[in-house]
Amino acid sequence: MTRPPADPRRLRLPGGRTLAYQCYGAADGRPLYYFHGFPGSRLQAALHDEEARAAGVLLVAAERPGFGHSDFQPGRTLLGWAEDMGFLADTLGHGRFGVLGVSCGGPYALACAYRLGERLDYVGLLAGMGPMDVPALRQAQLPALKLMFGLARLHPCLASPMLALDRLLFRTSPLRAVKALGKLLAEPDRQLLASDPALAEGFSRFLAEAYRQGIRGACSEAALIASPRGFEPEAIRVPVHLYQSGQDRHVPEAMALHLQARLPRSHLRRYPEEGHLSIVIRQFRQVLADFQSSNREAN
């Protein structure tokens with residue numbers, strides 16, 4: 001039976017909005033801010049709790065507006081998230097830290113690199129979503145994702161039927177929903193979920209938590225991810241680590257190659273045999289190693 005999610009920590013942001021977050025890994029470890037996927041919640045980082053603890057890394061996992069317990073924010077932007085993370089880091093006493101964006105958390109990590117670069121020792125995109133307003137980069141993407149993000153770019157409400165069905169499945173029968181999701185994934189991802197029931201349960205838990213408040217946050221995020229980002233990769237001066245699988249049907253390899261070419265200081269690791277989920281689980285140790293080897297002088 002799925003355990004209820006642990007209560008998050010809550011931070012009152014300037015303006016009165018509540019930001020929910022949770023910490024995993026080593027309590028006194030080096031801070032790495034973990035940005036969940038879409039849909040997602042703070043509970044996604046729990047999948048890496050043991051590895052982070054062993055590596056001496058503190059994972060700080062905040063929920064974006066409208067997900068989990070974080071208040072919805074009308075008209076939010078990617079750069080606004082960077083401001084939220086700067087305030088959170090100040091509150092936690094983290095003068096310097098790293099950021100990791102997983103899947104649709106990738107654009108948020110780049111926004112932090114653009115706005116908070118002087119405070120970051122490390123920026124990573126793990127299966128990180130590339131620009132969604134460049135059609136050529138989306139040719140190999142799942143048709144369902146092409147449709148959903150295309151509709152959301154026209155208007156957030158247009159994506160609501162697809163997201164409402166997704167929420168219904170994950171809030172009523174999360175494990176069954178994960179099995180249904182598996183049919184859309186690449187073979188490495190299906191094998192991973194089938195071979196590890198505990199991992200599948202973990203995925204179902206963080207996805208169900210994403211929809212705690214309904215779909216308003218997800219609709220808003222889909223529109224935001226589908227739109228131009230408000231900054232250019234060429235303006236990011238800190239090193240960015242890209243981790244890309246070769247069998248990803250959510251984030252095609254063309255996206256990582258596009259970012260590698262445009263980021264002034266990028267490091268690309270390619271994993272031809274991984275899928276969208278398997279790379280997140282199997283290559284997280286490499287992420288931690290790269291984070292731990294980074295330092296202030298790297299900037």
# chains A, B, ... in the order shown; residues from 1 in each chain; ligands from 1
call {"tool": "select_by_dssp", "arguments": {"residues": "segment 92-191 of chain A", "states": "helix (DSSP H, G or I)", "output": "JSON, numbers by chain"}}
result
{"A": [92, 103, 104, 105, 106, 107, 108, 109, 110, 111, 112, 113, 114, 115, 116, 117, 118, 119, 135, 136, 137, 138, 143, 144, 145, 146, 147, 148, 149, 150, 151, 152, 153, 154, 156, 157, 158, 159, 160, 161, 162, 163, 164, 165, 166, 167, 168, 169, 170, 171, 172, 174, 175, 176, 177, 178, 179, 180, 181, 182, 187, 188, 189, 190, 191]}
call {"tool": "residues_around", "arguments": {"residues": "Cys219 of chain A", "least_positions_apart": "3", "cutoff": "8 Å", "atoms": "only C-alpha atoms", "output": "mmCIF file with N, CA and C atoms, in the first residue's frame"}}
result
data_model
loop_
_atom_site.group_PDB
_atom_site.id
_atom_site.type_symbol
_atom_site.label_atom_id
_atom_site.label_comp_id
_atom_site.auth_asym_id
_atom_site.auth_seq_id
_atom_site.Cartn_x
_atom_site.Cartn_y
_atom_site.Cartn_z
ATOM 1 N N ALA A 152 -1.401 23.843 -25.541
ATOM 2 C CA ALA A 152 -1.131 24.721 -24.404
ATOM 3 C C ALA A 152 -0.508 26.041 -24.849
ATOM 4 N N PRO A 156 -3.597 27.882 -22.333
ATOM 5 C CA PRO A 156 -3.457 26.831 -21.313
ATOM 6 C C PRO A 156 -4.684 25.946 -21.167
ATOM 7 N N CYS A 157 -5.856 26.497 -21.315
ATOM 8 C CA CYS A 157 -7.079 25.718 -21.115
ATOM 9 C C CYS A 157 -7.252 24.621 -22.161
ATOM 10 N N ALA A 159 -5.202 22.471 -23.116
ATOM 11 C CA ALA A 159 -4.552 21.229 -22.686
ATOM 12 C C ALA A 159 -5.292 20.563 -21.538
ATOM 13 N N SER A 160 -6.344 21.207 -21.026
ATOM 14 C CA SER A 160 -7.005 20.711 -19.820
ATOM 15 C C SER A 160 -7.651 19.329 -19.976
ATOM 16 N N LEU A 163 -4.852 16.740 -19.490
ATOM 17 C CA LEU A 163 -4.304 16.775 -18.135
ATOM 18 C C LEU A 163 -5.332 16.340 -17.098
ATOM 19 N N ILE A 215 -5.525 20.605 -11.817
ATOM 20 C CA ILE A 215 -4.718 20.706 -13.038
ATOM 21 C C ILE A 215 -4.333 22.134 -13.406
ATOM 22 N N ARG A 216 -4.746 23.110 -12.627
ATOM 23 C CA ARG A 216 -4.462 24.499 -12.993
ATOM 24 C C ARG A 216 -2.963 24.757 -13.107
ATOM 25 N N ALA A 222 2.422 23.826 -18.756
ATOM 26 C CA ALA A 222 2.491 23.350 -20.139
ATOM 27 C C ALA A 222 2.610 24.527 -21.108
ATOM 28 N N ALA A 223 1.836 25.581 -20.850
ATOM 29 C CA ALA A 223 1.899 26.765 -21.709
ATOM 30 C C ALA A 223 3.249 27.459 -21.589
#
call {"tool": "closest_residue", "arguments": {"among": "A:Phe67, A:Tyr114, A:Tyr108, A:Phe291", "to": "Phe206 of chain A", "atoms": "only C-alpha atoms"}}
result
A:Phe67
call {"tool": "residues_around", "arguments": {"residues": "Arg119 of chain A", "least_positions_apart": "5", "cutoff": "7 Å", "atoms": "only C-alpha atoms", "output": "ChimeraX atom specification"}}
result
/A:95-97
call {"tool": "write_last_selection", "arguments": {"atoms": "N, CA, C and O atoms", "output": "JSON list (two decimals), in the first residue's frame"}}
result
[["chain", "number", "residue", "atom", "x", "y", "z"],
["A", 95, "GLY", "N", 24.87, 30.23, 0.40],
["A", 95, "GLY", "CA", 25.45, 31.29, -0.42],
["A", 95, "GLY", "C", 25.76, 30.81, -1.82],
["A", 95, "GLY", "O", 25.59, 31.54, -2.80],
["A", 96, "ARG", "N", 26.22, 29.57, -1.91],
["A", 96, "ARG", "CA", 26.48, 28.94, -3.21],
["A", 96, "ARG", "C", 25.84, 27.57, -3.21],
["A", 96, "ARG", "O", 25.73, 26.91, -2.18],
["A", 97, "PHE", "N", 25.43, 27.13, -4.40],
["A", 97, "PHE", "CA", 24.73, 25.86, -4.52],
["A", 97, "PHE", "C", 24.73, 25.43, -5.98],
["A", 97, "PHE", "O", 25.26, 26.14, -6.85]]
call {"tool": "select_by_dssp", "arguments": {"residues": "segment 267-299 of chain A", "states": "strand (DSSP E or B)", "output": "JSON, numbers by chain"}}
result
{"A": [267, 268, 269, 270, 271]}
call {"tool": "write_last_selection", "arguments": {"atoms": "C-alpha atoms", "output": "short mmCIF file (atom, residue, chain, number, x, y, z; two decimals), in the first residue's frame"}}
result
data_model
loop_
_atom_site.label_atom_id
_atom_site.label_comp_id
_atom_site.auth_asym_id
_atom_site.auth_seq_id
_atom_site.Cartn_x
_atom_site.Cartn_y
_atom_site.Cartn_z
CA HIS A 267 29.51 19.47 -21.38
CA LEU A 268 27.40 16.75 -23.03
CA ARG A 269 27.28 13.15 -21.83
CA ARG A 270 25.36 10.84 -24.18
CA TYR A 271 23.83 7.50 -23.22
#
call {"tool": "closest_residue", "arguments": {"among": "A:Leu158, A:Leu79, A:Leu126, A:Ala198", "to": "Val102 of chain A", "atoms": "only C-alpha atoms"}}
result
A:Leu126
call {"tool": "residues_around", "arguments": {"residues": "Trp81 of chain A", "least_positions_apart": "4", "cutoff": "8 Å", "atoms": "only C-alpha atoms", "output": "ChimeraX atom specification"}}
result
/A:64,76-77,85,108,111-112
call {"tool": "closest_residue", "arguments": {"among": "A:Glu50, A:Asp133, A:Glu253, A:Glu63", "to": "Gln22 of chain A", "atoms": "only C-alpha atoms"}}
result
A:Glu63
call {"tool": "atom_distance", "arguments": {"atom1": "atom CA of Ala113 of chain A", "atom2": "atom CA of Pro74 of chain A"}}
result
23.3 Å
call {"tool": "closest_atom_pairs", "arguments": {"of": "segment 13-52 of chain A", "to": "segment 165-182 of chain A", "cutoff": "12 Å", "atoms": "only C-alpha atoms", "output": "CSV"}}
result
residue,atom,partner,partner_atom,distance
A:Phe38,CA,A:Asp166,CA,11.7
A:Pro39,CA,A:Arg167,CA,9.5
A:Gly40,CA,A:Arg167,CA,11.5
call {"tool": "closest_residue", "arguments": {"among": "A:Gly130, A:Pro14, A:Gly217, A:Gly105", "to": "Ala164 of chain A", "atoms": "only C-alpha atoms"}}
result
A:Gly217
call {"tool": "closest_residue", "arguments": {"among": "A:Glu232, A:Asp189, A:Asp196, A:Asp84", "to": "Arg12 of chain A", "atoms": "only C-alpha atoms"}}
result
A:Asp84
call {"tool": "closest_residue", "arguments": {"among": "A:Leu116, A:Leu19, A:Leu125, A:Ala256", "to": "Phe72 of chain A", "atoms": "only C-alpha atoms"}}
result
A:Leu19
call {"tool": "residues_around", "arguments": {"residues": "Glu234 of chain A", "least_positions_apart": "6", "cutoff": "12 Å", "atoms": "only C-alpha atoms", "output": "ChimeraX atom specification"}}
result
/A:110,113-114,240,258-266
call {"tool": "atom_distance", "arguments": {"atom1": "atom CA of Ala27 of chain A", "atom2": "atom CA of Tyr122 of chain A"}}
result
19.1 Å
call {"tool": "atom_distance", "arguments": {"atom1": "atom CA of Ala52 of chain A", "atom2": "atom CA of Tyr24 of chain A"}}
result
7.4 Å
